[in-house]
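Q: This one is input.cif, mmCIF, C-alpha atoms.
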```cif
data_structure
loop_
_atom_site.label_atom_id
_atom_site.label_comp_id
_atom_site.auth_asym_id
_atom_site.auth_seq_id
_atom_site.Cartn_x
_atom_site.Cartn_y
_atom_site.Cartn_z
CA MET A 1 -43.40 0.42 7.33
CA SER A 2 -44.36 3.54 9.20
CA LEU A 3 -42.95 6.93 8.33
CA ILE A 4 -41.21 7.22 11.68
CA VAL A 5 -39.29 3.97 11.16
CA LEU A 6 -38.38 5.22 7.69
CA SER A 7 -36.86 8.32 9.30
CA GLY A 8 -34.06 5.99 10.41
CA LEU A 9 -33.14 5.60 6.75
CA GLY A 10 -33.05 9.39 6.33
CA VAL A 11 -30.86 9.90 9.41
CA GLY A 12 -28.64 7.03 8.25
CA LEU A 13 -28.17 8.56 4.80
CA VAL A 14 -26.94 11.84 6.28
CA PHE A 15 -24.87 10.01 8.94
CA GLY A 16 -23.24 7.75 6.35
CA TYR A 17 -22.45 10.74 4.14
CA ALA A 18 -20.86 12.57 7.10
CA LEU A 19 -18.92 9.48 8.28
CA GLN A 20 -17.43 9.02 4.81
CA ARG A 21 -16.55 12.69 4.29
CA GLY A 22 -15.15 13.03 7.79
CA ARG A 23 -13.42 9.60 7.73
CA PHE A 24 -14.98 9.36 11.19
CA CYS A 25 -13.70 6.21 12.83
CA MET A 26 -13.13 5.90 16.54
CA ASN A 27 -10.65 3.09 16.06
CA SER A 28 -8.48 5.45 14.04
CA ALA A 29 -9.12 8.25 16.54
CA THR A 30 -8.04 6.14 19.52
CA ARG A 31 -5.16 4.34 17.87
CA ASP A 32 -3.68 7.32 15.99
CA SER A 33 -3.33 9.23 19.25
CA VAL A 34 -0.82 6.71 20.60
CA LEU A 35 0.69 5.30 17.43
CA LEU A 36 1.17 8.47 15.38
CA ARG A 37 0.56 11.18 17.98
CA ASP A 38 -2.10 12.33 15.52
CA TYR A 39 -5.12 13.79 17.32
CA THR A 40 -7.15 14.95 14.31
CA LEU A 41 -9.94 12.35 14.51
CA LEU A 42 -9.91 12.37 18.30
CA LYS A 43 -10.71 16.08 18.12
CA ALA A 44 -13.64 15.33 15.81
CA VAL A 45 -14.93 12.76 18.34
CA GLY A 46 -14.51 15.29 21.17
CA VAL A 47 -16.44 17.98 19.30
CA ALA A 48 -19.26 15.54 18.44
CA ILE A 49 -19.59 14.48 22.10
CA LEU A 50 -19.69 18.08 23.34
CA VAL A 51 -22.27 19.09 20.71
CA GLU A 52 -24.44 16.13 21.74
CA MET A 53 -24.04 16.91 25.42
CA ILE A 54 -25.52 20.37 24.84
CA GLY A 55 -28.19 18.98 22.49
CA PHE A 56 -29.27 16.14 24.80
CA ALA A 57 -29.47 18.60 27.71
CA LEU A 58 -31.78 20.83 25.66
CA LEU A 59 -33.89 17.85 24.53
CA ASP A 60 -34.15 16.75 28.17
CA VAL A 61 -35.08 20.11 29.67
CA THR A 62 -37.66 20.87 26.95
CA GLY A 63 -39.18 17.42 27.35
CA ILE A 64 -38.64 16.50 23.68
CA ALA A 65 -36.59 13.44 24.60
CA ALA A 66 -35.68 12.43 28.14
CA THR A 67 -32.29 10.77 28.51
CA ALA A 68 -32.18 6.99 28.42
CA PRO A 69 -28.74 6.13 29.81
CA LYS A 70 -27.46 2.58 29.47
CA PRO A 71 -27.17 0.46 32.62
CA PHE A 72 -23.91 0.09 34.54
CA PHE A 73 -22.78 -3.53 34.90
CA TRP A 74 -19.11 -3.08 35.61
CA GLY A 75 -18.00 -6.65 34.89
CA ALA A 76 -19.77 -6.81 31.54
CA ASN A 77 -18.76 -3.25 30.67
CA LEU A 78 -15.09 -3.91 31.42
CA LEU A 79 -14.79 -7.33 29.76
CA GLY A 80 -17.08 -6.56 26.83
CA SER A 81 -15.68 -3.18 25.94
CA PHE A 82 -12.05 -4.22 26.44
CA THR A 83 -12.69 -7.13 24.07
CA PHE A 84 -14.38 -4.69 21.69
CA GLY A 85 -11.30 -2.44 21.79
CA VAL A 86 -8.99 -5.37 20.99
CA GLY A 87 -11.34 -6.44 18.20
CA MET A 88 -11.59 -3.07 16.52
CA VAL A 89 -7.83 -2.74 16.17
CA LEU A 90 -7.69 -6.21 14.58
CA ALA A 91 -10.65 -5.30 12.34
CA GLY A 92 -9.04 -1.98 11.37
CA ALA A 93 -12.31 -0.18 12.04
CA CYS A 94 -14.80 0.64 14.78
CA ALA A 95 -18.48 -0.24 14.42
CA SER A 96 -19.34 2.96 12.54
CA GLY A 97 -16.07 2.81 10.57
CA LEU A 98 -16.75 -0.67 9.19
CA THR A 99 -20.33 0.32 8.34
CA TYR A 100 -19.42 3.39 6.28
CA ARG A 101 -16.43 1.65 4.65
CA THR A 102 -18.77 -1.14 3.54
CA GLY A 103 -20.51 1.56 1.48
CA GLU A 104 -17.11 2.75 0.19
CA GLY A 105 -16.46 -0.69 -1.28
CA MET A 106 -13.83 -1.91 1.17
CA VAL A 107 -14.12 -5.70 1.24
CA SER A 108 -12.17 -5.83 4.52
CA ALA A 109 -14.94 -3.75 6.13
CA MET A 110 -17.62 -6.10 4.76
CA VAL A 111 -15.82 -9.12 6.20
CA ALA A 112 -15.37 -7.34 9.55
CA ALA A 113 -19.10 -6.52 9.48
CA ALA A 114 -19.88 -10.20 8.91
CA GLY A 115 -17.75 -11.05 11.95
CA LEU A 116 -19.49 -8.37 14.00
CA VAL A 117 -22.92 -9.65 13.05
CA ILE A 118 -22.09 -13.29 13.83
CA GLY A 119 -20.40 -12.40 17.13
CA ALA A 120 -23.27 -10.12 18.13
CA PHE A 121 -26.00 -12.54 17.04
CA TYR A 122 -24.65 -15.49 19.05
CA THR A 123 -24.04 -13.28 22.09
CA ALA A 124 -27.48 -11.66 21.97
CA GLY A 125 -29.39 -14.90 21.68
CA GLY A 126 -27.10 -17.84 20.98
CA PHE A 127 -24.57 -20.01 22.76
CA MET A 128 -22.49 -17.04 23.98
CA ASN A 129 -25.52 -15.42 25.59
CA PRO A 130 -25.19 -17.06 29.05
CA ILE A 131 -21.69 -15.59 29.51
CA ALA A 132 -22.82 -12.05 28.73
CA LYS A 133 -26.10 -12.37 30.62
CA THR A 134 -24.56 -13.84 33.77
CA LEU A 135 -21.86 -11.20 33.82
CA GLN A 136 -24.38 -8.41 33.31
CA GLU A 137 -26.77 -9.64 35.98
CA SER A 138 -24.10 -10.37 38.59
CA THR A 139 -22.32 -7.03 38.32
CA ILE A 140 -25.17 -4.60 37.72
CA ILE A 141 -25.34 -1.57 40.01
CA LYS A 142 -28.53 0.50 39.93
CA THR A 143 -29.83 3.63 41.62
CA ALA A 144 -32.14 3.26 44.64
CA GLU A 145 -35.10 3.64 42.26
CA GLY A 146 -33.75 0.93 39.98
CA GLY A 147 -32.57 3.27 37.23
CA SER A 148 -29.25 3.46 35.38
CA LEU A 149 -26.41 5.05 37.26
CA THR A 150 -25.29 8.41 35.85
CA LEU A 151 -22.97 11.18 37.00
CA ALA A 152 -26.07 13.33 37.46
CA ASN A 153 -27.94 11.00 39.79
CA ILE A 154 -24.80 10.16 41.78
CA LEU A 155 -24.17 13.87 42.40
CA GLY A 156 -27.90 14.55 42.85
CA VAL A 157 -28.07 17.34 40.26
CA PRO A 158 -30.45 17.61 37.29
CA TYR A 159 -28.95 16.05 34.17
CA TYR A 160 -29.37 19.08 31.93
CA LEU A 161 -27.54 21.37 34.36
CA LEU A 162 -24.60 19.02 34.78
CA ALA A 163 -24.35 18.25 31.06
CA LEU A 164 -24.44 21.93 30.10
CA GLY A 165 -21.95 22.74 32.86
CA ILE A 166 -19.48 20.03 31.78
CA ALA A 167 -19.83 20.97 28.12
CA ILE A 168 -19.25 24.69 28.76
CA VAL A 169 -16.25 24.08 31.05
CA ALA A 170 -14.76 21.64 28.51
CA ILE A 171 -15.25 24.03 25.59
CA VAL A 172 -13.78 27.01 27.47
CA ALA A 173 -10.81 24.93 28.66
CA TRP A 174 -10.24 23.57 25.15
CA VAL A 175 -10.32 27.01 23.53
CA LEU A 176 -7.98 28.48 26.14
CA LEU A 177 -5.53 25.61 26.33
CA ALA A 178 -5.34 24.21 22.84
CA LYS A 179 -6.37 26.94 20.43
CA PRO A 180 -8.40 24.48 18.35
CA PHE A 181 -9.63 27.02 15.83
CA SER A 182 -6.86 26.71 13.30
CA LEU A 183 -9.61 26.38 10.71
CA GLU A 184 -7.83 28.62 8.22
CA ASN A 185 -4.89 26.25 8.04
CA ALA A 186 -7.21 23.29 7.54
CA ALA A 187 -9.12 25.16 4.83
CA ALA A 188 -5.87 26.12 3.11
CA ARG A 189 -4.64 22.52 3.19
CA THR A 190 -7.91 21.24 1.74
CA LYS A 191 -7.70 23.84 -1.02
CA ALA A 192 -4.09 22.90 -1.77
CA ALA A 193 -4.97 19.21 -1.92
CA LYS A 194 -7.93 19.84 -4.20
CA ALA A 195 -5.85 22.03 -6.48
CA LYS A 196 -3.56 19.08 -7.08
CA GLY A 197 -6.51 16.85 -7.94
CA ALA A 198 -6.15 14.59 -4.90
CA SER A 199 -9.25 13.73 -2.92
CA HIS A 200 -9.85 15.29 0.46
CA GLY A 201 -12.58 15.05 3.08
CA TRP A 202 -13.91 17.39 5.77
CA GLY A 203 -11.87 18.97 8.54
CA TRP A 204 -12.30 17.68 12.10
CA MET A 205 -14.35 20.63 13.31
CA THR A 206 -16.94 20.29 10.52
CA THR A 207 -17.06 16.53 11.01
CA GLY A 208 -17.53 16.79 14.78
CA ILE A 209 -20.29 19.41 14.59
CA VAL A 210 -22.22 17.63 11.82
CA ILE A 211 -22.06 14.21 13.52
CA GLY A 212 -23.05 15.76 16.88
CA LEU A 213 -26.08 17.42 15.26
CA ILE A 214 -27.08 14.15 13.56
CA GLY A 215 -26.96 12.44 16.97
CA ILE A 216 -29.27 15.08 18.46
CA VAL A 217 -31.83 14.81 15.62
CA ALA A 218 -31.65 11.01 15.75
CA PHE A 219 -32.70 10.74 19.42
CA PRO A 220 -36.35 11.94 19.33
CA LEU A 221 -36.97 10.25 15.96
CA SER A 222 -35.61 6.93 17.18
CA ALA A 223 -37.57 7.28 20.45
CA ALA A 224 -40.78 7.96 18.52
CA ALA A 225 -40.19 4.72 16.62
CA GLY A 226 -40.10 2.85 19.93
CA ARG A 227 -36.31 2.61 20.14
CA ASN A 228 -35.60 4.97 23.01
CA TYR A 229 -31.94 5.70 22.32
CA PRO A 230 -29.79 7.95 20.09
CA LEU A 231 -27.41 6.55 17.46
CA GLY A 232 -26.20 2.96 17.75
CA ILE A 233 -24.72 0.47 15.34
CA THR A 234 -24.75 -3.08 16.67
CA ASP A 235 -28.49 -3.42 17.28
CA GLY A 236 -29.14 -2.34 13.70
CA TRP A 237 -26.77 -4.94 12.27
CA ILE A 238 -28.41 -7.68 14.37
CA GLY A 239 -31.80 -6.48 13.09
CA LEU A 240 -30.54 -6.62 9.52
CA VAL A 241 -29.58 -10.29 9.86
CA LYS A 242 -32.79 -11.16 11.65
CA GLY A 243 -34.73 -9.39 8.92
CA ILE A 244 -32.97 -11.19 6.11
CA PHE A 245 -32.76 -14.70 7.60
CA LEU A 246 -35.61 -14.84 10.09
CA GLY A 247 -38.08 -12.57 8.31
CA GLU A 248 -38.39 -10.07 11.15
CA THR A 249 -39.48 -6.51 10.33
CA PHE A 250 -36.71 -3.94 10.10
CA GLY A 251 -36.75 -1.47 12.98
CA TRP A 252 -35.38 2.08 13.18
CA GLY A 253 -31.85 0.89 14.02
CA THR A 254 -31.71 -1.38 10.98
CA MET A 255 -33.00 1.36 8.69
CA LEU A 256 -30.19 3.51 10.12
CA ILE A 257 -27.57 0.90 9.10
CA ILE A 258 -29.00 0.62 5.57
CA GLY A 259 -28.98 4.43 5.39
CA ILE A 260 -25.34 4.67 6.55
CA ILE A 261 -24.18 2.21 3.89
CA LEU A 262 -26.13 4.00 1.15
CA GLY A 263 -25.10 7.46 2.37
CA ALA A 264 -21.43 6.48 2.39
CA LEU A 265 -21.85 4.91 -1.05
CA VAL A 266 -23.28 8.17 -2.42
CA ALA A 267 -20.53 10.24 -0.76
CA ALA A 268 -17.84 7.94 -2.15
CA LEU A 269 -19.33 7.92 -5.66
CA ILE A 270 -19.70 11.72 -5.79
CA ASN A 271 -16.12 12.20 -4.65
CA ARG A 272 -14.61 9.47 -6.82
CA GLU A 273 -13.66 7.37 -3.81
CA PHE A 274 -15.72 4.25 -4.44
CA LYS A 275 -13.82 1.12 -5.36
CA PHE A 276 -13.91 -2.54 -4.41
CA ARG A 277 -10.68 -2.94 -2.48
CA VAL A 278 -9.53 -6.41 -1.47
CA PRO A 279 -6.63 -7.05 0.94
CA THR A 280 -4.73 -10.33 1.29
CA SER A 281 -6.52 -13.38 2.69
CA GLY A 282 -4.46 -13.11 5.88
CA VAL A 283 -5.81 -9.63 6.48
CA LEU A 284 -9.36 -10.82 5.74
CA PHE A 285 -8.96 -13.54 8.38
CA GLN A 286 -7.63 -11.00 10.88
CA VAL A 287 -10.52 -8.55 10.34
CA PHE A 288 -13.06 -11.37 10.61
CA ILE A 289 -11.67 -12.40 14.02
CA GLY A 290 -11.64 -8.72 14.98
CA GLY A 291 -15.28 -8.43 13.96
CA LEU A 292 -16.26 -11.49 16.03
CA LEU A 293 -14.60 -10.00 19.13
CA MET A 294 -16.34 -6.68 18.47
CA GLY A 295 -19.72 -8.38 18.15
CA PHE A 296 -19.32 -10.29 21.40
CA GLY A 297 -17.91 -7.22 23.17
CA ALA A 298 -20.62 -4.84 22.02
CA VAL A 299 -23.49 -7.08 23.10
CA CYS A 300 -21.81 -8.07 26.40
CA SER A 301 -21.15 -4.43 27.31
CA GLY A 302 -24.54 -3.25 26.06
CA GLY A 303 -23.17 -1.11 23.24
CA CYS A 304 -20.40 -0.42 20.73
CA ASN A 305 -18.32 2.72 20.41
CA ILE A 306 -21.30 4.62 18.98
CA GLY A 307 -23.84 3.40 21.55
CA HIS A 308 -21.48 3.98 24.47
CA THR A 309 -18.99 6.67 23.48
CA LEU A 310 -20.92 8.84 21.03
CA SER A 311 -24.42 8.41 22.48
CA GLY A 312 -23.88 7.25 26.08
CA LEU A 313 -21.04 9.48 27.24
CA PRO A 314 -23.03 12.70 26.58
CA GLN A 315 -25.85 11.22 28.70
CA LEU A 316 -23.27 10.86 31.49
CA SER A 317 -24.05 7.16 31.96
CA ILE A 318 -21.51 5.53 34.28
CA GLY A 319 -21.74 2.32 32.22
CA SER A 320 -20.86 4.24 29.06
CA ILE A 321 -17.98 6.08 30.75
CA VAL A 322 -16.49 2.79 32.02
CA ALA A 323 -17.13 1.14 28.63
CA THR A 324 -15.36 3.97 26.80
CA LEU A 325 -12.32 3.71 29.06
CA ALA A 326 -12.24 -0.07 28.53
CA ILE A 327 -12.49 0.31 24.72
CA VAL A 328 -9.60 2.78 24.76
CA ALA A 329 -7.52 0.48 27.00
CA GLY A 330 -8.12 -2.53 24.74
CA ALA A 331 -7.35 -0.53 21.61
CA TRP A 332 -4.19 1.06 22.98
CA LEU A 333 -2.79 -2.24 24.27
CA THR A 334 -3.50 -4.05 21.00
CA SER A 335 -2.10 -1.22 18.84
CA HIS A 336 1.04 -1.14 20.92
CA LEU A 337 1.50 -4.91 20.70
CA ILE A 338 0.84 -5.13 16.96
CA PHE A 339 2.70 -2.09 15.71
CA ASN A 340 5.42 -1.38 18.27
CA VAL A 341 6.30 -4.83 19.55
CA PHE A 342 5.59 -7.48 16.92
CA ARG A 343 5.60 -5.61 13.66
CA LYS A 344 8.32 -3.01 13.42
CA SER A 345 8.96 -3.33 9.71
CA PRO A 346 6.47 -3.54 6.85
CA ALA A 347 5.45 -6.96 5.57
CA ALA A 348 7.12 -7.85 2.34
CA MET B 349 3.03 16.70 -10.91
CA GLU B 350 6.53 17.21 -12.25
CA LYS B 351 7.44 14.40 -14.57
CA THR B 352 11.07 14.62 -13.45
CA ILE B 353 10.44 12.78 -10.16
CA THR B 354 12.08 9.37 -10.25
CA ALA B 355 11.32 7.13 -7.32
CA THR B 356 14.10 5.20 -5.62
CA LYS B 357 11.55 2.74 -4.30
CA THR B 358 7.86 1.96 -4.77
CA LEU B 359 5.46 0.79 -2.06
CA ASP B 360 2.02 -0.50 -3.04
CA VAL B 361 -0.43 -0.56 -0.14
CA CYS B 362 -3.68 -0.78 -2.12
CA GLY B 363 -6.48 -2.63 -0.35
CA MET B 364 -4.72 -2.47 3.00
CA ILE B 365 -6.74 -1.70 6.10
CA CYS B 366 -6.28 1.14 8.52
CA PRO B 367 -3.52 2.06 9.55
CA TYR B 368 -1.17 -0.22 7.58
CA PRO B 369 -0.70 2.24 4.68
CA ASP B 370 0.58 4.83 7.14
CA MET B 371 2.68 2.46 9.23
CA ASP B 372 4.26 0.79 6.20
CA THR B 373 5.04 4.13 4.57
CA LEU B 374 6.69 5.53 7.69
CA ALA B 375 8.59 2.30 8.37
CA THR B 376 9.88 2.19 4.78
CA LEU B 377 10.95 5.84 4.87
CA LYS B 378 12.84 5.19 8.07
CA LYS B 379 15.09 2.75 6.22
CA MET B 380 15.80 5.04 3.30
CA GLY B 381 18.76 7.35 2.86
CA LYS B 382 18.65 11.12 2.74
CA GLY B 383 17.13 12.48 -0.46
CA GLU B 384 15.90 9.09 -1.67
CA ILE B 385 12.37 9.19 -3.03
CA LEU B 386 9.58 6.82 -2.08
CA GLU B 387 6.58 6.35 -4.33
CA VAL B 388 3.52 5.14 -2.41
CA ILE B 389 0.49 3.82 -4.28
CA LEU B 390 -2.59 3.80 -2.07
CA ASP B 391 -6.38 3.75 -2.31
CA TYR B 392 -7.47 4.45 1.25
CA PRO B 393 -8.85 8.01 1.61
CA LEU B 394 -8.06 8.42 5.30
CA SER B 395 -4.36 7.58 4.81
CA LEU B 396 -4.20 9.97 1.87
CA GLU B 397 -4.81 12.78 4.35
CA ARG B 398 -3.09 11.28 7.36
CA ILE B 399 0.26 10.36 5.79
CA PRO B 400 1.06 13.98 4.78
CA ARG B 401 0.06 15.15 8.29
CA ASN B 402 2.53 12.81 9.97
CA LEU B 403 5.44 12.76 7.53
CA THR B 404 6.79 16.12 8.55
CA LYS B 405 7.10 15.02 12.18
CA GLN B 406 9.96 12.76 11.09
CA GLY B 407 11.41 15.36 8.73
CA HIS B 408 10.32 13.73 5.46
CA LYS B 409 8.96 15.91 2.68
CA LEU B 410 5.87 15.34 0.54
CA LEU B 411 6.78 16.17 -3.04
CA GLY B 412 3.32 15.65 -4.48
CA THR B 413 0.17 13.56 -4.75
CA GLU B 414 -1.67 12.69 -7.92
CA ARG B 415 -4.82 10.75 -8.60
CA ILE B 416 -4.37 7.62 -10.69
CA ASP B 417 -8.01 6.53 -10.80
CA GLY B 418 -10.88 6.84 -8.29
CA PRO B 419 -9.50 6.61 -4.76
CA LYS B 420 -6.19 5.29 -6.09
CA HIS B 421 -3.42 7.85 -5.71
CA ARG B 422 0.32 8.08 -6.15
CA MET B 423 2.35 9.95 -3.57
CA PHE B 424 6.02 10.97 -3.81
CA ILE B 425 7.94 11.47 -0.58
CA GLU B 426 11.53 12.53 -0.07
CA ALA B 427 13.15 10.70 2.84
CA TYR B 428 14.86 12.70 5.53
CA GLY B 429 17.50 10.05 6.03
CA LEU B 430 16.85 8.47 9.42
CA LYS B 431 18.86 5.40 8.50
#
```
What does the file become when written as structure tokens?
A:
Amino acid sequence: MSLIVLSGLGVGLVFGYALQRGRFCMNSATRDSVLLRDYTLLKAVGVAILVEMIGFALLDVTGIAATAPKPFFWGANLLGSFTFGVGMVLAGACASGLTYRTGEGMVSAMVAAAGLVIGAFYTAGGFMNPIAKTLQESTIIKTAEGGSLTLANILGVPYYLLALGIAIVAIVAWVLLAKPFSLENAAARTKAAKAKGASHGWGWMTTGIVIGLIGIVAFPLSAAAGRNYPLGITDGWIGLVKGIFLGETFGWGTMLIIGIILGALVAALINREFKFRVPTSGVLFQVFIGGLLMGFGAVCSGGCNIGHTLSGLPQLSIGSIVATLAIVAGAWLTSHLIFNVFRKSPAA
Amino acid sequence: MEKTITATKTLDVCGMICPYPDMDTLATLKKMGKGEILEVILDYPLSLERIPRNLTKQGHKLLGTERIDGPKHRMFIEAYGLK
């Protein structure tokens, strides 16, 4: 295995460590905002996206890594990502969440990952493939040159200018409107929690900045290994299964997945948070179904929450913007149905 | 942790997936009378941070959290009395 493919393992180790310490899960981020009116993780996601937007713009303008936005096939983006959003609420984790929690010892996450892999495998090349492929091909919209549609090429401005402009406007607006820098409070809370001996992870600002920086470093390394895209989860899981069962060589994306699991394992062990945790069989069934839906959705839409939201949104890909909105819609609807309509009181 | 805390009720949400520990805790607290104390036993790190953040919105009070073993913690919460 070449050194550049091995760099995926290195990036994964750091990413997994950060995911575990930051409890960075986009399912929690999306769902908490409606269910609990808790925006902590959503803020971490927002910071990570803005950091990447600036980083990708700099990579693009310096020629280190040109953007590689995902295609826009509205039908596949809408159906796939909506299904993904429904699935992640059932699974109790997004694609990155179930990967890092696998390293933490959560059996529910391992079962959800199995569902994701099976769903993704049969959609990428098995009996579900015709549905995804037909939908993608019949609803694809390209630029006149045949490229992926982005906000930049629709408006006819250079990507780096638009990305920097959006990022700066968003940061200024955020600082003025929301006063996000209540870091002292967060630090005091962490200190108080630690004093009592309870475990505590990173604050949202730290988490967002670290994950954004990992995404920036990941892009040129992954591109050099022949996988011209920043962070992604689903392709690596498919590669893992193909490697184990079909004897294919692990690529950069698969080394990333192995790294995330190991990185999260190390983070959990250091912080006394590793434990095999097993829910009831009913919950295991639910997360497996959730994982299957996520696997189908991610492949159909051309990416999971990491591929589209974390890596695609900062590249201003229209496909990723539509996919993100569809994931959020699916997650909100499912959260509302499960927790506000059907399940008002705790199960006995 | 003060040893004097006696829980009115105990809720064990170990092994549960996101966000059931939080939802179950809040739903149980909602049904408890003012001043009653809920003991929650949980082993999910995210909920350990998220439950305290969201308790106060409904007026409940976190009395304390202590580690039992590894990620397993015990949390004492005084209900506001929404019943």
Q: Using only C-alpha atoms, collect all residues at a distance of at most 12 Å from (1.9, 13.1, 6.9) as written in the file, then present them as a PDB file with C-alpha atoms, in the frame of the given file.
A:
```pdb
ATOM      1  CA  LEU A  36       1.170   8.470  15.380  1.00  0.00           C
ATOM      2  CA  ARG A  37       0.560  11.180  17.980  1.00  0.00           C
ATOM      3  CA  ASP A  38      -2.100  12.330  15.520  1.00  0.00           C
ATOM      4  CA  THR A  40      -7.150  14.950  14.310  1.00  0.00           C
TER       5      THR A  40
ATOM      6  CA  PRO B 369      -0.700   2.240   4.680  1.00  0.00           C
ATOM      7  CA  ASP B 370       0.580   4.830   7.140  1.00  0.00           C
ATOM      8  CA  MET B 371       2.680   2.460   9.230  1.00  0.00           C
ATOM      9  CA  THR B 373       5.040   4.130   4.570  1.00  0.00           C
ATOM     10  CA  LEU B 374       6.690   5.530   7.690  1.00  0.00           C
ATOM     11  CA  LEU B 377      10.950   5.840   4.870  1.00  0.00           C
ATOM     12  CA  LEU B 394      -8.060   8.420   5.300  1.00  0.00           C
ATOM     13  CA  SER B 395      -4.360   7.580   4.810  1.00  0.00           C
ATOM     14  CA  LEU B 396      -4.200   9.970   1.870  1.00  0.00           C
ATOM     15  CA  GLU B 397      -4.810  12.780   4.350  1.00  0.00           C
ATOM     16  CA  ARG B 398      -3.090  11.280   7.360  1.00  0.00           C
ATOM     17  CA  ILE B 399       0.260  10.360   5.790  1.00  0.00           C
ATOM     18  CA  PRO B 400       1.060  13.980   4.780  1.00  0.00           C
ATOM     19  CA  ARG B 401       0.060  15.150   8.290  1.00  0.00           C
ATOM     20  CA  ASN B 402       2.530  12.810   9.970  1.00  0.00           C
ATOM     21  CA  LEU B 403       5.440  12.760   7.530  1.00  0.00           C
ATOM     22  CA  THR B 404       6.790  16.120   8.550  1.00  0.00           C
ATOM     23  CA  LYS B 405       7.100  15.020  12.180  1.00  0.00           C
ATOM     24  CA  GLN B 406       9.960  12.760  11.090  1.00  0.00           C
ATOM     25  CA  GLY B 407      11.410  15.360   8.730  1.00  0.00           C
ATOM     26  CA  HIS B 408      10.320  13.730   5.460  1.00  0.00           C
ATOM     27  CA  LYS B 409       8.960  15.910   2.680  1.00  0.00           C
ATOM     28  CA  LEU B 410       5.870  15.340   0.540  1.00  0.00           C
ATOM     29  CA  LEU B 411       6.780  16.170  -3.040  1.00  0.00           C
ATOM     30  CA  GLY B 412       3.320  15.650  -4.480  1.00  0.00           C
ATOM     31  CA  THR B 413       0.170  13.560  -4.750  1.00  0.00           C
ATOM     32  CA  MET B 423       2.350   9.950  -3.570  1.00  0.00           C
ATOM     33  CA  PHE B 424       6.020  10.970  -3.810  1.00  0.00           C
ATOM     34  CA  ILE B 425       7.940  11.470  -0.580  1.00  0.00           C
ATOM     35  CA  GLU B 426      11.530  12.530  -0.070  1.00  0.00           C
TER      36      GLU B 426
END
```
Q: Record the distance separating atom CA of A:Leu265 and atom CA of A:Phe285, expressed in Å with one decimal.
A: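 Interatomic distance, atom CA of A:Leu265 to atom CA of A:Phe285: 24.4 Å.
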Q: Mind giving me the straight-line distance from atom CA of A:Phe245 to atom CA of A:Thr134 in Å, one decimal?
A: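 Calculated distance between atom CA of A:Phe245 and atom CA of A:Thr134 is 27.4 Å.
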Q: Taking only residues of stretch 68-183 of chain A that have an atom at most 12 Å from an atom of stretch 12-21 of chain A, what is each one's shortest atom pair and its distance in Å to one decimal, using all atoms listed in the file, in chain and number order, as JSON lines?
A:
```
{"residue": "A:Cys94", "atom": "CA", "partner": "A:Leu19", "partner_atom": "CA", "distance": 11.7}
{"residue": "A:Ala95", "atom": "CA", "partner": "A:Leu19", "partner_atom": "CA", "distance": 11.5}
{"residue": "A:Ser96", "atom": "CA", "partner": "A:Leu19", "partner_atom": "CA", "distance": 7.8}
{"residue": "A:Gly97", "atom": "CA", "partner": "A:Leu19", "partner_atom": "CA", "distance": 7.6}
{"residue": "A:Leu98", "atom": "CA", "partner": "A:Leu19", "partner_atom": "CA", "distance": 10.4}
{"residue": "A:Thr99", "atom": "CA", "partner": "A:Gly16", "partner_atom": "CA", "distance": 8.2}
{"residue": "A:Tyr100", "atom": "CA", "partner": "A:Gly16", "partner_atom": "CA", "distance": 5.8}
{"residue": "A:Arg101", "atom": "CA", "partner": "A:Gln20", "partner_atom": "CA", "distance": 7.4}
{"residue": "A:Thr102", "atom": "CA", "partner": "A:Gln20", "partner_atom": "CA", "distance": 10.3}
{"residue": "A:Gly103", "atom": "CA", "partner": "A:Gly16", "partner_atom": "CA", "distance": 8.3}
{"residue": "A:Glu104", "atom": "CA", "partner": "A:Gln20", "partner_atom": "CA", "distance": 7.8}
{"residue": "A:Gly105", "atom": "CA", "partner": "A:Gln20", "partner_atom": "CA", "distance": 11.5}
```
Q: Starting from the displayed file, determine the output of the PyMOL selection byres ((chain A and resi 295) around 10) and express the residue list as an MDAnalysis selection string.
A: chainID A and resid 80 83:84 87:88 95 112:124 234 237:238 289:294 296:300 303:304
Q: I want to know what sits within 10 Å of A:Phe56, based on all atoms listed in the file, with residues of the same chain fewer than 6 positions away left out; could you give that as a list in words?
A: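 Here the answer would be Leu50, Thr62, Ile64, Ala65, Ala66, Thr67, Tyr159, Tyr160, Ala163, Leu164, Gly215, Ile216, Val217, Phe219, Pro220, Pro230, Ser311, Pro314 and Gln315 of chain A.
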Q: Could you write out the selected residues, including C-alpha atoms, as a CSV table (one decimal), in the frame of the given file?
A:
```csv
chain,number,residue,atom,x,y,z
A,50,LEU,CA,-19.7,18.1,23.3
A,62,THR,CA,-37.7,20.9,27.0
A,64,ILE,CA,-38.6,16.5,23.7
A,65,ALA,CA,-36.6,13.4,24.6
A,66,ALA,CA,-35.7,12.4,28.1
A,67,THR,CA,-32.3,10.8,28.5
A,159,TYR,CA,-29.0,16.0,34.2
A,160,TYR,CA,-29.4,19.1,31.9
A,163,ALA,CA,-24.4,18.2,31.1
A,164,LEU,CA,-24.4,21.9,30.1
A,215,GLY,CA,-27.0,12.4,17.0
A,216,ILE,CA,-29.3,15.1,18.5
A,217,VAL,CA,-31.8,14.8,15.6
A,219,PHE,CA,-32.7,10.7,19.4
A,220,PRO,CA,-36.4,11.9,19.3
A,230,PRO,CA,-29.8,8.0,20.1
A,311,SER,CA,-24.4,8.4,22.5
A,314,PRO,CA,-23.0,12.7,26.6
A,315,GLN,CA,-25.8,11.2,28.7
```
Q: Between atom CA of A:Ile327 and atom CA of A:Ile258, what is the spacing in Å?
A: 25.3 Å
